[in-house]
2 protein chains.
Amino acid sequence: MRKVIVQKFGGTSVADTEKIKNVARTVIKEKENGNDVVVVVSAMGHTTDYLVKMAKDLSPVPSGREMDMLLSTGEGVSIALLAMAIQAQGYDAVSFNAMQVGIITENVHSKARIIDIKTDKLRKNLQEGKIIVVAGFQGVTEDGEITTLGRGGSDTSAVALAAALNAERCDIYTDVEGVYTTDPRIVPNASRLDEISYEEMLELAHAGANVLHPRSVETAKQFNVPLRVRSSFKLDNMGTLILGVDNMEIYKPVAGVAADLSQARIVVCDVPDKPGVAAKLFGSMAKEHISVDMIIQSYARKVSNTNDIAFTVDANDLDKTVAVLKKLREDIGASGEIQVDSNIAKVSIVGAGMIDRPGIASTMFETLAELGINIRMISTSEIKISCLVDKDQAYKAVEALHKVFELESDEIAEVKGDLPNV
Amino acid sequence: MRKVIVQKFGGTSVADTEKIKNVARTVIKEKENGNDVVVVVSAMGHTTDYLVKMAKDLSPVPSGREMDMLLSTGEGVSIALLAMAIQAQGYDAVSFNAMQVGIITENVHSKARIIDIKTDKLRKNLQEGKIIVVAGFQGVTEDGEITTLGRGGSDTSAVALAAALNAERCDIYTDVEGVYTTDPRIVPNASRLDEISYEEMLELAHAGANVLHPRSVETAKQFNVPLRVRSSFKLDNMGTLILGVDNMEIYKPVAGVAADLSQARIVVCDVPDKPGVAAKLFGSMAKEHISVDMIIQSYARKVSNTNDIAFTVDANDLDKTVAVLKKLREDIGASGEIQVDSNIAKVSIVGAGMIDRPGIASTMFETLAELGINIRMISTSEIKISCLVDKDQAYKAVEALHKVFELESDEIAEVKGDLPNV
């Protein structure tokens, strides 16, 4: 039986007709390798921005249902154009939107989760030798309502299709050359990783390495779909393969270093030390869809029988968080102030190999100490150690950690865009 | 039971967000009249041209299936935006594409015919008090393939929806104020008709009055759906109501005069006068999808036992027609030349009342004769008389006929665009 390869191309890769021709050539090359090919594409370049702008002209808060209807047209354009471009080069191709395939999602707008993918139409068309072009980012409910999958949606579509078709691999073509040991804008000689485990990739993604949306990595992990991140424009570079840790050839104790500058720290002072308080506090956050990252609860003070609860949220959620806390303070009996600090960054080291090497954490803390960097909070998982530091020290911390864990390459990586200001 | 009104707005009426807001107001006004409202919209302004241009960049002959996939996104945008605009004014609205409604067509691309419309979802949403916005121009096959309806497609969608929902009326909002007794660019004081029969409208449409595509009028006639053509921008003007001749209050012998400058005349000389020749000739035209309009066969010449067959086709089909004839000439034994003349125009008078007034035809011929206009061909139907004249005399003929049949108004009509050069 022929192997199925799922390829995904983002909006930048299909931004104009010349680029679409380029994508068609890449797709055909994979077909010529003797594989069945399913291609997932996003909307062209700035289409989504343009559509959102028109919607905002008409309504300050457009309905989620109509917004999904509107945005889903973007991929309708790119799939048809890519199918035409493939056909123009003499290959049989057919495009399907999510409704035609049957990419079934829950009935939620703008961030629906895929619950099922029908494969009959896809298998039939693959058997007929066709290259299939599928609209990413979109889905349909059992009732025929159009939904979208939210951020990283097209990656998730591709991975879910690969899982449903039991694909050999899912290749995510993008404008970076793979997953690096850290952001090459911070450390120019960062190394491209040939392999990384799902778990490490997830931690790196959560830690701010914006190569893949965590959701797509989670889906790949769940269904054990090997995922390759590679450049649309440099096809001789094989990028980075993301796979199960059991399948990895070798791994270093630390695979990468990441900085996340988009967080804010909140401290709720003098919270009564009694059961249920934390549950109430973070339950209220969850109800408002505020994702909380690091959480630290201090030891209770003997005299007042209170403690302080510190946590971090996305800086965009800061105002909403403070509003929730102000309402909640009386309810949970917190007598102290609410401290807010946006001038922070989370620096993390990630590695599946650190689990049985106790020296890693202390090496990290010592490295930061030597630079005079004060650690404001620490949190750890089995494969990650994160330290909260002052924002203006974040890049210095990343550079030093990248060096101390010997992650440098001999080459200078190509970089895109500017670093966030600190 | 509440009455259903179907409204249709073309691409010009939804060309930008300001115009979409305007359409929303018109829709809401009809809803406020106590009716259930279903709105059909085309793609915004120049969307289709833009999409076609990209397709041509990718392929000289894009596949019909992918072209339909591509073009159908245009209405996806406009329906979502219009639904948002209606919602923003405080009314409940929902948009559906053809696949969601179930506008079932035959499995033909770029000019599919509607074969069925599912009404369950529409009726359910109307019962819930919602204004429904439906994508025009597009359909779906029983197998879930996206199709488009070709020229005049959105008008046809609207009329077919009105028929399926047993609507009170179908209002076609456009950039003209109604159906005129002739093209106001030729005769500035042409009168707007308050009423016209389907049959007259069909003849006028075929005769070159580009207000409505004949297909939508045919569908309206078939299902007896009253059709109103009116301006999107001048809502106090009720436009023209097109309805069955039995329901008309009063009609003049001649309702309108039209000129069609897009035809070419072909004469096949010395065709053997024997059975089957005309069938073979026009059968070959039909096979090549060439529409033939007027046909004249001369009396057979006694000596040679041959005759001449003259007919008119759309000037765009002229080269194709000549190619077919050249191949065919030997087969049918036509020994003479093939004469071609693009320098002609068809001038027609149309009126359901002419059927029992024998003087009408002679008045037409006399009027042209007085102006020294030579009539090259004549064809008649029960409600139409068409004369082929030299192109540069067409407008003069229209003016004179409009006057002699007393069709003038006291007002000067507003005009859009330029007349074709003669």
# chains A, B, ... in the order shown; residues from 1 in each chain; ligands from 1
>>> interface_residues(of="chain B", to="chain A", cutoff="7 Å", atoms="only C-alpha atoms", output="JSON, numbers by chain")
{"B": [17, 54, 55, 57, 58, 59, 62, 63, 66, 67, 69, 70, 73, 76, 77, 80, 81, 83, 84, 85, 88, 100, 144]}
>>> calpha_fit_and_write(fixed="chain B", moving="chain A", output="CSV table (one decimal) with C-alpha atoms, in the first residue's frame")
chain,number,residue,atom,x,y,z
A,1,MET,CA,-49.3,33.0,8.1
A,2,ARG,CA,-46.7,35.6,7.4
A,3,LYS,CA,-45.8,36.2,3.9
A,4,VAL,CA,-42.3,35.5,2.6
A,5,ILE,CA,-40.5,38.1,0.5
A,6,VAL,CA,-37.3,37.2,-1.3
A,7,GLN,CA,-34.9,40.1,-2.0
A,8,LYS,CA,-31.9,40.0,-4.2
A,9,PHE,CA,-29.0,42.4,-4.2
A,10,GLY,CA,-26.3,42.3,-6.9
A,11,GLY,CA,-22.6,42.9,-6.6
A,12,THR,CA,-22.9,46.7,-7.1
A,13,SER,CA,-25.3,46.9,-4.2
A,14,VAL,CA,-22.9,45.2,-1.8
A,15,ALA,CA,-19.6,46.6,-3.2
A,16,ASP,CA,-18.3,47.9,0.1
A,17,THR,CA,-19.2,47.9,3.8
A,18,GLU,CA,-21.1,51.2,3.5
A,19,LYS,CA,-23.3,49.8,0.8
A,20,ILE,CA,-23.8,46.6,2.8
A,21,LYS,CA,-25.1,48.7,5.7
A,22,ASN,CA,-27.5,50.4,3.2
A,23,VAL,CA,-28.7,46.9,2.1
A,24,ALA,CA,-29.2,45.9,5.7
A,25,ARG,CA,-31.5,48.9,6.2
A,26,THR,CA,-33.6,47.9,3.2
A,27,VAL,CA,-33.8,44.3,4.4
A,28,ILE,CA,-34.9,45.4,7.9
A,29,LYS,CA,-37.5,47.7,6.4
A,30,GLU,CA,-39.2,44.7,4.7
A,31,LYS,CA,-39.0,42.7,7.9
A,32,GLU,CA,-40.6,45.7,9.7
A,33,ASN,CA,-43.4,45.5,7.2
A,34,GLY,CA,-44.3,42.2,8.9
A,35,ASN,CA,-42.9,39.9,6.3
A,36,ASP,CA,-40.5,37.0,6.6
A,37,VAL,CA,-37.4,38.0,4.6
A,38,VAL,CA,-35.0,35.8,2.6
A,39,VAL,CA,-32.1,37.9,1.1
A,40,VAL,CA,-30.0,36.6,-1.8
A,41,VAL,CA,-26.7,38.3,-2.5
A,42,SER,CA,-24.0,38.2,-5.1
A,43,ALA,CA,-20.3,38.5,-4.6
A,44,MET,CA,-19.0,42.0,-3.7
A,45,GLY,CA,-18.3,44.3,-6.6
A,46,HIS,CA,-15.2,43.3,-8.4
A,47,THR,CA,-14.4,40.1,-6.4
A,48,THR,CA,-15.2,37.8,-9.2
A,49,ASP,CA,-12.9,39.7,-11.6
A,50,TYR,CA,-10.1,39.5,-9.1
A,51,LEU,CA,-10.5,35.8,-8.5
A,52,VAL,CA,-10.7,35.0,-12.2
A,53,LYS,CA,-7.5,37.0,-12.8
A,54,MET,CA,-5.6,34.9,-10.2
A,55,ALA,CA,-7.0,31.7,-11.8
A,56,LYS,CA,-5.8,32.8,-15.2
A,57,ASP,CA,-2.4,33.5,-13.7
A,58,LEU,CA,-2.2,29.8,-12.7
A,59,SER,CA,-3.7,28.1,-15.6
A,60,PRO,CA,-4.8,29.1,-19.2
A,61,VAL,CA,-7.9,26.9,-18.9
A,62,PRO,CA,-8.7,26.4,-15.2
A,63,SER,CA,-10.9,23.3,-14.5
A,64,GLY,CA,-14.6,24.1,-14.2
A,65,ARG,CA,-14.8,22.4,-10.9
A,66,GLU,CA,-12.0,24.4,-9.3
A,67,MET,CA,-13.3,27.6,-10.9
A,68,ASP,CA,-16.7,27.0,-9.2
A,69,MET,CA,-15.0,26.3,-5.9
A,70,LEU,CA,-13.0,29.5,-6.3
A,71,LEU,CA,-15.9,31.8,-7.3
A,72,SER,CA,-18.3,30.4,-4.7
A,73,THR,CA,-16.1,32.0,-2.0
A,74,GLY,CA,-17.2,35.4,-3.3
A,75,GLU,CA,-20.8,35.1,-2.0
A,76,GLY,CA,-19.5,33.4,1.2
A,77,VAL,CA,-17.9,36.8,2.1
A,78,SER,CA,-21.0,38.9,1.2
A,79,ILE,CA,-23.5,36.8,3.0
A,80,ALA,CA,-21.5,36.8,6.2
A,81,LEU,CA,-20.9,40.5,6.1
A,82,LEU,CA,-24.6,41.3,5.4
A,83,ALA,CA,-25.7,39.0,8.2
A,84,MET,CA,-23.3,40.9,10.5
A,85,ALA,CA,-24.6,44.3,9.3
A,86,ILE,CA,-28.2,43.2,10.0
A,87,GLN,CA,-27.3,41.9,13.4
A,88,ALA,CA,-25.5,45.2,14.2
A,89,GLN,CA,-28.8,46.9,13.8
A,90,GLY,CA,-30.4,44.7,16.4
A,91,TYR,CA,-32.1,42.1,14.2
A,92,ASP,CA,-31.6,38.3,14.2
A,93,ALA,CA,-30.0,37.1,11.0
A,94,VAL,CA,-28.2,34.0,9.8
A,95,SER,CA,-26.3,33.3,6.5
A,96,PHE,CA,-26.3,30.1,4.5
A,97,ASN,CA,-24.3,29.1,1.5
A,98,ALA,CA,-25.9,26.9,-1.1
A,99,MET,CA,-24.4,23.7,0.4
A,100,GLN,CA,-26.0,24.6,3.8
A,101,VAL,CA,-29.4,25.4,2.3
A,102,GLY,CA,-29.4,22.5,-0.2
A,103,ILE,CA,-29.7,24.4,-3.5
A,104,ILE,CA,-29.3,21.2,-5.5
A,105,THR,CA,-28.1,21.6,-9.1
A,106,GLU,CA,-27.3,19.2,-11.9
A,107,ASN,CA,-23.6,18.1,-12.0
A,108,VAL,CA,-22.4,20.7,-14.5
A,109,HIS,CA,-19.8,23.3,-13.8
A,110,SER,CA,-20.1,27.1,-14.4
A,111,LYS,CA,-23.7,27.0,-15.7
A,112,ALA,CA,-25.5,24.4,-13.7
A,113,ARG,CA,-29.3,24.4,-13.5
A,114,ILE,CA,-31.1,24.2,-10.2
A,115,ILE,CA,-33.1,21.0,-9.8
A,116,ASP,CA,-34.3,21.2,-6.2
A,117,ILE,CA,-34.2,23.5,-3.2
A,118,LYS,CA,-34.5,22.1,0.3
A,119,THR,CA,-36.6,24.3,2.5
A,120,ASP,CA,-36.6,22.7,5.9
A,121,LYS,CA,-33.7,24.8,7.3
A,122,LEU,CA,-35.0,28.0,5.7
A,123,ARG,CA,-38.6,27.4,7.1
A,124,LYS,CA,-37.2,26.6,10.6
A,125,ASN,CA,-35.1,29.7,10.7
A,126,LEU,CA,-37.9,31.9,9.4
A,127,GLN,CA,-40.2,30.5,12.0
A,128,GLU,CA,-37.6,31.5,14.6
A,129,GLY,CA,-38.0,35.1,13.3
A,130,LYS,CA,-34.6,35.2,11.6
A,131,ILE,CA,-33.8,37.1,8.5
A,132,ILE,CA,-32.0,34.6,6.2
A,133,VAL,CA,-29.2,35.6,4.0
A,134,VAL,CA,-28.5,33.1,1.2
A,135,ALA,CA,-25.5,33.0,-1.3
A,136,GLY,CA,-26.7,33.5,-4.8
A,137,PHE,CA,-25.1,32.2,-8.0
A,138,GLN,CA,-24.0,28.9,-6.4
A,139,GLY,CA,-25.4,25.4,-5.9
A,140,VAL,CA,-24.3,22.0,-4.9
A,141,THR,CA,-24.8,18.6,-6.5
A,142,GLU,CA,-26.3,15.6,-4.8
A,143,ASP,CA,-22.6,14.4,-4.3
A,144,GLY,CA,-21.6,17.6,-2.5
A,145,GLU,CA,-19.7,19.2,-5.4
A,146,ILE,CA,-19.9,23.0,-5.6
A,147,THR,CA,-21.4,24.4,-8.8
A,148,THR,CA,-22.2,27.9,-10.1
A,149,LEU,CA,-25.2,28.9,-12.2
A,150,GLY,CA,-23.5,31.1,-14.8
A,151,ARG,CA,-24.7,34.5,-16.0
A,152,GLY,CA,-27.7,35.9,-14.2
A,153,GLY,CA,-27.1,33.2,-11.6
A,154,SER,CA,-28.0,35.2,-8.5
A,155,ASP,CA,-31.3,36.4,-10.0
A,156,THR,CA,-32.1,32.8,-10.8
A,157,SER,CA,-31.2,31.7,-7.2
A,158,ALA,CA,-33.6,34.4,-5.9
A,159,VAL,CA,-36.5,33.4,-8.1
A,160,ALA,CA,-36.0,29.7,-7.4
A,161,LEU,CA,-35.9,30.3,-3.7
A,162,ALA,CA,-39.1,32.4,-4.0
A,163,ALA,CA,-40.7,29.5,-5.9
A,164,ALA,CA,-39.6,26.9,-3.4
A,165,LEU,CA,-40.8,29.0,-0.4
A,166,ASN,CA,-44.0,30.0,-2.2
A,167,ALA,CA,-43.0,33.6,-1.7
A,168,GLU,CA,-45.4,36.5,-2.1
A,169,ARG,CA,-42.9,38.2,-4.4
A,170,CYS,CA,-39.2,38.3,-5.4
A,171,ASP,CA,-37.7,41.8,-5.4
A,172,ILE,CA,-34.6,42.2,-7.6
A,173,TYR,CA,-32.7,45.3,-6.3
A,174,THR,CA,-30.3,46.6,-8.9
A,175,ASP,CA,-28.7,49.8,-10.2
A,176,VAL,CA,-31.6,50.7,-12.6
A,177,GLU,CA,-35.0,51.9,-11.5
A,178,GLY,CA,-37.0,49.3,-13.4
A,179,VAL,CA,-37.8,48.1,-16.9
A,180,TYR,CA,-38.1,50.9,-19.4
A,181,THR,CA,-39.9,51.1,-22.7
A,182,THR,CA,-36.5,51.3,-24.3
A,183,ASP,CA,-32.9,51.9,-23.3
A,184,PRO,CA,-32.9,55.5,-21.8
A,185,ARG,CA,-29.4,56.0,-23.2
A,186,ILE,CA,-31.0,55.9,-26.7
A,187,VAL,CA,-34.3,57.7,-25.8
A,188,PRO,CA,-33.8,59.9,-22.8
A,189,ASN,CA,-37.5,60.2,-22.1
A,190,ALA,CA,-38.2,56.5,-22.2
A,191,SER,CA,-40.9,55.5,-19.7
A,192,ARG,CA,-40.5,53.2,-16.8
A,193,LEU,CA,-43.1,50.4,-17.0
A,194,ASP,CA,-45.2,49.8,-13.8
A,195,GLU,CA,-46.0,46.3,-15.0
A,196,ILE,CA,-44.9,44.0,-17.8
A,197,SER,CA,-45.7,40.3,-18.5
A,198,TYR,CA,-43.1,37.6,-18.2
A,199,GLU,CA,-43.4,37.0,-21.9
A,200,GLU,CA,-42.8,40.6,-22.8
A,201,MET,CA,-39.9,40.8,-20.4
A,202,LEU,CA,-38.4,37.7,-21.9
A,203,GLU,CA,-38.6,39.1,-25.4
A,204,LEU,CA,-37.2,42.4,-24.2
A,205,ALA,CA,-34.4,40.6,-22.4
A,206,HIS,CA,-33.5,38.5,-25.4
A,207,ALA,CA,-33.8,41.7,-27.5
A,208,GLY,CA,-31.0,43.2,-25.5
A,209,ALA,CA,-32.5,45.0,-22.6
A,210,ASN,CA,-30.0,43.9,-20.0
A,211,VAL,CA,-32.1,44.3,-16.8
A,212,LEU,CA,-32.7,40.7,-16.0
A,213,HIS,CA,-31.2,37.6,-17.3
A,214,PRO,CA,-33.8,35.7,-19.3
A,215,ARG,CA,-33.2,32.6,-17.2
A,216,SER,CA,-34.5,34.2,-14.1
A,217,VAL,CA,-37.6,35.5,-15.9
A,218,GLU,CA,-38.2,32.0,-17.4
A,219,THR,CA,-38.0,30.5,-13.9
A,220,ALA,CA,-40.4,33.2,-12.5
A,221,LYS,CA,-42.8,32.5,-15.3
A,222,GLN,CA,-42.6,28.7,-14.8
A,223,PHE,CA,-43.5,29.0,-11.1
A,224,ASN,CA,-45.6,32.1,-11.5
A,225,VAL,CA,-43.5,34.2,-9.0
A,226,PRO,CA,-44.2,37.9,-9.2
A,227,LEU,CA,-40.9,39.6,-9.8
A,228,ARG,CA,-40.1,43.2,-9.0
A,229,VAL,CA,-37.1,45.1,-10.5
A,230,ARG,CA,-36.3,48.1,-8.4
A,231,SER,CA,-33.4,50.4,-7.5
A,232,SER,CA,-31.2,49.7,-4.4
A,233,PHE,CA,-30.7,53.4,-4.0
A,234,LYS,CA,-34.2,54.9,-4.7
A,235,LEU,CA,-36.5,53.0,-2.4
A,236,ASP,CA,-39.5,55.4,-3.0
A,237,ASN,CA,-39.6,54.2,-6.6
A,238,MET,CA,-41.5,50.9,-6.8
A,239,GLY,CA,-39.8,49.8,-10.0
A,240,THR,CA,-41.4,47.4,-12.4
A,241,LEU,CA,-43.5,44.4,-11.5
A,242,ILE,CA,-43.2,41.4,-13.8
A,243,LEU,CA,-46.1,39.0,-13.7
A,244,GLY,CA,-48.4,36.7,-15.6
A,245,VAL,CA,-50.3,38.3,-18.4
A,246,ASP,CA,-53.6,37.2,-16.9
A,247,ASN,CA,-52.8,39.2,-13.8
A,248,MET,CA,-52.0,42.4,-15.6
A,249,GLU,CA,-54.3,45.4,-15.2
A,250,ILE,CA,-53.8,46.9,-18.7
A,251,TYR,CA,-51.4,46.6,-21.5
A,252,LYS,CA,-50.5,48.6,-24.5
A,253,PRO,CA,-50.1,46.9,-27.9
A,254,VAL,CA,-46.4,47.7,-27.7
A,255,ALA,CA,-44.7,47.7,-24.3
A,256,GLY,CA,-41.1,48.4,-25.4
A,257,VAL,CA,-38.5,48.8,-28.1
A,258,ALA,CA,-35.1,47.2,-27.9
A,259,ALA,CA,-31.9,47.1,-29.9
A,260,ASP,CA,-29.4,44.3,-29.8
A,261,LEU,CA,-26.0,45.3,-31.3
A,262,SER,CA,-24.2,42.1,-30.3
A,263,GLN,CA,-25.3,39.9,-33.2
A,264,ALA,CA,-23.7,38.9,-36.4
A,265,ARG,CA,-25.5,37.6,-39.6
A,266,ILE,CA,-24.3,34.6,-41.5
A,267,VAL,CA,-25.6,33.5,-44.9
A,268,VAL,CA,-24.9,30.0,-46.2
A,269,CYS,CA,-25.5,30.3,-50.0
A,270,ASP,CA,-26.7,27.6,-52.4
A,271,VAL,CA,-27.7,24.9,-49.9
A,272,PRO,CA,-29.5,21.9,-51.5
A,273,ASP,CA,-33.2,22.1,-51.0
A,274,LYS,CA,-33.7,18.7,-49.4
A,275,PRO,CA,-35.0,17.4,-46.1
A,276,GLY,CA,-32.6,17.2,-43.2
A,277,VAL,CA,-30.2,19.9,-44.3
A,278,ALA,CA,-31.4,22.6,-41.8
A,279,ALA,CA,-31.5,20.0,-39.1
A,280,LYS,CA,-27.9,19.0,-39.7
A,281,LEU,CA,-26.8,22.6,-39.9
A,282,PHE,CA,-28.5,23.8,-36.7
A,283,GLY,CA,-27.8,20.5,-34.9
A,284,SER,CA,-24.1,21.2,-35.4
A,285,MET,CA,-24.5,24.7,-34.0
A,286,ALA,CA,-26.3,23.3,-30.9
A,287,LYS,CA,-23.6,20.7,-30.4
A,288,GLU,CA,-21.1,23.5,-30.2
A,289,HIS,CA,-23.3,25.5,-27.8
A,290,ILE,CA,-23.8,28.2,-30.3
A,291,SER,CA,-27.2,29.9,-29.8
A,292,VAL,CA,-28.9,30.8,-33.0
A,293,ASP,CA,-31.4,33.7,-32.9
A,294,MET,CA,-33.2,34.7,-36.2
A,295,ILE,CA,-33.4,32.1,-39.0
A,296,ILE,CA,-34.5,32.8,-42.5
A,297,GLN,CA,-34.6,30.3,-45.3
A,298,SER,CA,-35.2,31.6,-48.8
A,299,TYR,CA,-37.6,29.9,-51.2
A,300,ALA,CA,-35.8,27.3,-53.3
A,301,ARG,CA,-34.5,28.4,-56.7
A,302,LYS,CA,-36.2,26.4,-59.4
A,303,VAL,CA,-33.1,26.0,-61.6
A,304,SER,CA,-30.5,24.9,-59.1
A,305,ASN,CA,-32.9,23.5,-56.6
A,306,THR,CA,-30.9,25.3,-53.8
A,307,ASN,CA,-31.7,28.0,-51.4
A,308,ASP,CA,-29.9,30.3,-49.0
A,309,ILE,CA,-30.0,30.0,-45.2
A,310,ALA,CA,-29.5,33.1,-43.2
A,311,PHE,CA,-29.2,33.3,-39.5
A,312,THR,CA,-27.9,35.4,-36.6
A,313,VAL,CA,-25.6,34.4,-33.8
A,314,ASP,CA,-23.9,36.3,-30.9
A,315,ALA,CA,-20.9,38.1,-32.4
A,316,ASN,CA,-18.7,36.4,-29.9
A,317,ASP,CA,-19.6,33.1,-31.4
A,318,LEU,CA,-18.9,34.2,-35.0
A,319,ASP,CA,-15.5,32.6,-35.5
A,320,LYS,CA,-16.6,29.3,-33.9
A,321,THR,CA,-19.7,29.4,-36.2
A,322,VAL,CA,-17.7,29.9,-39.3
A,323,ALA,CA,-15.4,27.1,-38.3
A,324,VAL,CA,-18.3,24.7,-37.9
A,325,LEU,CA,-19.8,25.7,-41.2
A,326,LYS,CA,-16.6,25.2,-43.1
A,327,LYS,CA,-16.4,21.7,-41.9
A,328,LEU,CA,-20.0,21.1,-42.6
A,329,ARG,CA,-20.3,22.6,-46.0
A,330,GLU,CA,-19.1,19.5,-47.9
A,331,ASP,CA,-21.3,17.3,-45.8
A,332,ILE,CA,-24.5,19.2,-46.6
A,333,GLY,CA,-23.5,19.8,-50.2
A,334,ALA,CA,-23.5,23.6,-50.0
A,335,SER,CA,-21.7,24.9,-53.1
A,336,GLY,CA,-21.9,28.7,-52.5
A,337,GLU,CA,-20.0,31.0,-50.3
A,338,ILE,CA,-20.5,31.8,-46.6
A,339,GLN,CA,-21.3,35.5,-46.1
A,340,VAL,CA,-20.6,37.1,-42.8
A,341,ASP,CA,-21.8,40.5,-41.6
A,342,SER,CA,-21.1,41.9,-38.1
A,343,ASN,CA,-22.3,45.4,-39.1
A,344,ILE,CA,-25.9,44.7,-38.2
A,345,ALA,CA,-28.3,45.3,-35.3
A,346,LYS,CA,-31.6,43.7,-34.3
A,347,VAL,CA,-34.4,46.2,-33.5
A,348,SER,CA,-37.5,44.7,-31.9
A,349,ILE,CA,-40.9,45.9,-30.7
A,350,VAL,CA,-42.5,43.8,-28.0
A,351,GLY,CA,-46.0,43.8,-26.7
A,352,ALA,CA,-48.5,41.2,-25.4
A,353,GLY,CA,-51.2,43.4,-27.0
A,354,MET,CA,-49.9,43.1,-30.6
A,355,ILE,CA,-51.3,39.6,-31.0
A,356,ASP,CA,-54.7,40.9,-32.2
A,357,ARG,CA,-53.7,44.1,-33.8
A,358,PRO,CA,-52.5,43.4,-37.3
A,359,GLY,CA,-51.6,47.0,-38.0
A,360,ILE,CA,-48.6,47.0,-35.6
A,361,ALA,CA,-46.2,45.2,-38.0
A,362,SER,CA,-46.9,47.5,-40.9
A,363,THR,CA,-46.5,50.6,-38.7
A,364,MET,CA,-43.1,49.3,-37.8
A,365,PHE,CA,-42.0,48.6,-41.4
A,366,GLU,CA,-43.4,52.0,-42.6
A,367,THR,CA,-41.6,53.9,-39.9
A,368,LEU,CA,-38.3,52.3,-40.8
A,369,ALA,CA,-39.0,52.9,-44.5
A,370,GLU,CA,-39.7,56.6,-44.0
A,371,LEU,CA,-36.2,56.9,-42.4
A,372,GLY,CA,-34.7,55.2,-45.4
A,373,ILE,CA,-33.6,52.2,-43.2
A,374,ASN,CA,-33.3,49.0,-45.1
A,375,ILE,CA,-34.7,45.9,-43.4
A,376,ARG,CA,-32.2,43.0,-43.9
A,377,MET,CA,-34.2,40.2,-42.1
A,378,ILE,CA,-37.5,40.0,-40.3
A,379,SER,CA,-38.7,37.6,-37.7
A,380,THR,CA,-41.8,37.6,-35.6
A,381,SER,CA,-43.3,35.8,-32.6
A,382,GLU,CA,-46.7,36.3,-31.1
A,383,ILE,CA,-45.6,39.2,-29.0
A,384,LYS,CA,-42.5,40.5,-30.9
A,385,ILE,CA,-41.4,41.8,-34.3
A,386,SER,CA,-37.7,42.0,-34.9
A,387,CYS,CA,-36.0,43.6,-37.9
A,388,LEU,CA,-32.3,43.3,-38.8
A,389,VAL,CA,-30.9,46.7,-39.9
A,390,ASP,CA,-27.5,48.2,-40.4
A,391,LYS,CA,-25.8,48.8,-37.1
A,392,ASP,CA,-25.4,52.6,-37.6
A,393,GLN,CA,-29.1,53.0,-38.1
A,394,ALA,CA,-30.2,51.0,-35.0
A,395,TYR,CA,-30.5,53.9,-32.5
A,396,LYS,CA,-32.3,56.1,-35.1
A,397,ALA,CA,-34.8,53.2,-35.6
A,398,VAL,CA,-35.4,52.8,-31.9
A,399,GLU,CA,-36.0,56.5,-31.4
A,400,ALA,CA,-38.6,56.5,-34.2
A,401,LEU,CA,-40.4,53.4,-33.1
A,402,HIS,CA,-40.5,54.5,-29.5
A,403,LYS,CA,-42.2,57.7,-30.7
A,404,VAL,CA,-44.6,56.2,-33.1
A,405,PHE,CA,-45.9,53.7,-30.5
A,406,GLU,CA,-46.3,56.6,-28.0
A,407,LEU,CA,-44.0,55.2,-25.3
A,408,GLU,CA,-42.5,58.5,-24.1
A,409,SER,CA,-42.6,59.8,-20.6
A,410,ASP,CA,-42.7,63.4,-19.4
A,411,GLU,CA,-39.6,62.8,-17.4
A,412,ILE,CA,-36.0,62.2,-18.4
A,413,ALA,CA,-34.7,58.9,-17.1
A,414,GLU,CA,-31.5,58.6,-15.2
A,415,VAL,CA,-28.9,56.7,-17.2
A,416,LYS,CA,-25.8,54.6,-16.3
A,417,GLY,CA,-22.8,53.9,-18.5
A,418,ASP,CA,-22.3,54.5,-22.2
A,419,LEU,CA,-24.0,53.1,-25.2
A,420,PRO,CA,-22.0,50.7,-27.4
A,421,ASN,CA,-20.4,52.5,-30.3
A,422,VAL,CA,-22.0,51.9,-33.7
>>> select_by_dssp(residues="segment 112-308 of chain B", states="alpha helix (DSSP H)", output="ChimeraX atom specification")
/B:120-127,153-164,198-206,214-223,277-287
>>> select_by_dssp(residues="segment 179-359 of chain B", states="strand (DSSP E)", output="PyMOL selection string")
chain B and resi 195-197+227-231+240-243+256-260+263-272+292-297+306-314+338-341+344-350
